[in-house]
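Student: So that we are looking at the same thing, I have put the structure below in structure tokens.
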Amino acid sequence: MKPLFVLIFTFVISLLILKYTAQRLDYQLAGRIGMASMLVFTAIGHFLFMEGMSAMIPSFIPFKKELVVFTGIIEMVFAIALLYSKHQTLVAWLLIAFFVLVLPANIKAAIHHIDYQTGHQDGPGVSYLWFRVPLQLFFIVWVFFASRR
């Protein structure tokens, strides 16, 4: 829920600043700024909650902590790259693929009630998927439209 709030809040603030400074509403740029902010926010979580996020990764995948760090770094790279118009389309497609690839970790966390912050099995459970899966789809659609040329 917090990433969604960061995305929307940053989008609205960016839109207002762009309207004031550029005298026009640039929804796509504001959308990319919002997504970039959300990605930085979630990337920080990868470093703060490494144990919990490692527990979300399916058991057959090795080097869980290293993968959590790597995906946190990747999110930061995506955040920066989204803001450069030269690469925004490529980055958007890579980010969409990333969102699809991390969904199984969120599904595992929900099925096993894993709290992403602690790694304990006292998380929200399967009902969380009713929010998380549509949110993931929302992020994909957001990136697609914010990065179209």
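Chain labels A, B, ... are given in the sequence in which chains occur in the structure tokens; within each chain residues are numbered consecutively from 1, and ligands are likewise numbered from 1 in the order shown.
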Which residues are near Ser127 in chain A? Cut-off 12 Å, only C-alpha atoms, ignore same chain within fewer than 2 positions. Put them as an MDAnalysis selection string.

Tutor: chainID A and resid 106:107 109:113 123:125 129:133

Student: Looking only at the backbone, which of the residues in range 5-138 of chain A does DSSP tag as alpha helix (DSSP H), as number ranges by chain?

Tutor: A: 5-22, 27-48, 50-56, 64-82, 88-111, 129-138

Student: Any chance you can output those residues with C-alpha atoms as a short mmCIF file (atom, residue, chain, number, x, y, z; two decimals), in the first residue's frame?

Tutor:
```
data_model
loop_
_atom_site.label_atom_id
_atom_site.label_comp_id
_atom_site.auth_asym_id
_atom_site.auth_seq_id
_atom_site.Cartn_x
_atom_site.Cartn_y
_atom_site.Cartn_z
CA PHE A 5 0.82 6.15 -1.95
CA VAL A 6 4.38 7.18 -2.88
CA LEU A 7 3.56 6.74 -6.58
CA ILE A 8 0.33 8.76 -6.49
CA PHE A 9 1.64 11.48 -4.16
CA THR A 10 4.81 12.02 -6.19
CA PHE A 11 2.82 11.99 -9.43
CA VAL A 12 0.45 14.71 -8.20
CA ILE A 13 3.25 16.87 -6.78
CA SER A 14 5.28 16.45 -9.99
CA LEU A 15 2.27 17.35 -12.10
CA LEU A 16 1.70 20.53 -10.09
CA ILE A 17 5.37 21.53 -10.25
CA LEU A 18 5.49 20.88 -14.00
CA LYS A 19 2.32 22.92 -14.50
CA TYR A 20 3.78 25.80 -12.51
CA THR A 21 7.29 25.74 -14.03
CA ALA A 22 6.61 24.62 -17.62
CA TYR A 27 1.33 13.51 -17.51
CA GLN A 28 3.94 11.15 -18.92
CA LEU A 29 6.89 12.89 -17.25
CA ALA A 30 4.98 13.15 -13.98
CA GLY A 31 4.13 9.45 -14.34
CA ARG A 32 7.78 8.53 -14.84
CA ILE A 33 8.81 10.69 -11.87
CA GLY A 34 6.14 9.02 -9.74
CA MET A 35 7.24 5.54 -10.79
CA ALA A 36 10.91 6.44 -10.27
CA SER A 37 10.14 7.66 -6.74
CA MET A 38 8.18 4.52 -5.99
CA LEU A 39 11.03 2.35 -7.26
CA VAL A 40 13.57 4.15 -5.06
CA PHE A 41 11.20 3.74 -2.10
CA THR A 42 10.80 0.00 -2.68
CA ALA A 43 14.51 -0.45 -3.43
CA ILE A 44 15.35 0.94 -0.01
CA GLY A 45 13.14 -1.77 1.45
CA HIS A 46 15.34 -4.39 -0.18
CA PHE A 47 18.24 -3.22 1.98
CA LEU A 48 16.26 -2.53 5.18
CA MET A 50 16.67 -8.20 3.53
CA GLU A 51 15.76 -11.12 5.82
CA GLY A 52 12.05 -10.77 5.19
CA MET A 53 12.40 -10.31 1.46
CA SER A 54 14.75 -13.29 1.26
CA ALA A 55 12.03 -15.43 2.84
CA MET A 56 9.68 -14.46 0.00
CA LYS A 64 18.44 -15.31 -1.84
CA LYS A 65 20.07 -12.39 0.01
CA GLU A 66 22.26 -11.61 -2.96
CA LEU A 67 19.18 -11.65 -5.20
CA VAL A 68 17.38 -9.24 -2.87
CA VAL A 69 20.34 -6.84 -3.02
CA PHE A 70 20.59 -7.23 -6.80
CA THR A 71 16.90 -6.53 -7.34
CA GLY A 72 17.14 -3.49 -5.06
CA ILE A 73 20.00 -2.17 -7.18
CA ILE A 74 18.06 -2.96 -10.37
CA GLU A 75 15.09 -0.98 -9.08
CA MET A 76 17.36 2.02 -8.46
CA VAL A 77 18.80 1.72 -11.96
CA PHE A 78 15.29 1.52 -13.42
CA ALA A 79 14.29 4.61 -11.42
CA ILE A 80 17.14 6.66 -12.85
CA ALA A 81 16.80 5.28 -16.38
CA LEU A 82 13.06 6.03 -16.55
CA GLN A 88 12.51 5.23 -21.53
CA THR A 89 10.81 2.76 -23.88
CA LEU A 90 13.44 0.04 -23.40
CA VAL A 91 13.48 0.63 -19.65
CA ALA A 92 9.67 0.47 -19.55
CA TRP A 93 9.64 -2.95 -21.21
CA LEU A 94 12.41 -4.23 -18.93
CA LEU A 95 10.56 -2.89 -15.91
CA ILE A 96 7.34 -4.56 -17.02
CA ALA A 97 9.25 -7.86 -17.32
CA PHE A 98 10.70 -7.24 -13.85
CA PHE A 99 7.22 -6.71 -12.38
CA VAL A 100 6.07 -9.98 -13.93
CA LEU A 101 9.15 -11.86 -12.64
CA VAL A 102 8.79 -10.68 -9.03
CA LEU A 103 5.09 -11.54 -8.79
CA PRO A 104 5.76 -15.19 -7.78
CA ALA A 105 7.66 -13.94 -4.70
CA ASN A 106 4.63 -11.89 -3.70
CA ILE A 107 2.36 -14.88 -4.29
CA LYS A 108 4.60 -17.10 -2.13
CA ALA A 109 4.63 -14.48 0.62
CA ALA A 110 0.84 -14.32 0.59
CA ILE A 111 0.31 -18.10 0.55
CA LEU A 129 -3.26 -11.12 -3.28
CA TRP A 130 -6.63 -9.43 -3.95
CA PHE A 131 -4.71 -6.18 -3.57
CA ARG A 132 -1.22 -7.16 -4.72
CA VAL A 133 -2.00 -8.76 -8.09
CA PRO A 134 -4.16 -5.84 -9.32
CA LEU A 135 -1.51 -3.46 -7.94
CA GLN A 136 1.17 -5.25 -9.96
CA LEU A 137 -1.02 -4.96 -13.07
CA PHE A 138 -1.61 -1.29 -12.26
#
```

Student: Using only C-alpha atoms, find the one residue out of A:Trp142, A:Ser147, A:Arg24, A:Tyr116 that sits nearest to Tyr84 in chain A.

Tutor: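 Using only C-alpha atoms, the shortest distance to Tyr84 in chain A belongs to A:Ser147.
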
Student: Closest to Thr118 in chain A among A:Phe49, A:Ile140, A:Ser59, A:Arg148, using only C-alpha atoms?

Tutor: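 Checking each of A:Phe49, A:Ile140, A:Ser59, A:Arg148 against Thr118 in chain A, counting only C-alpha atoms, the winner is A:Phe49.
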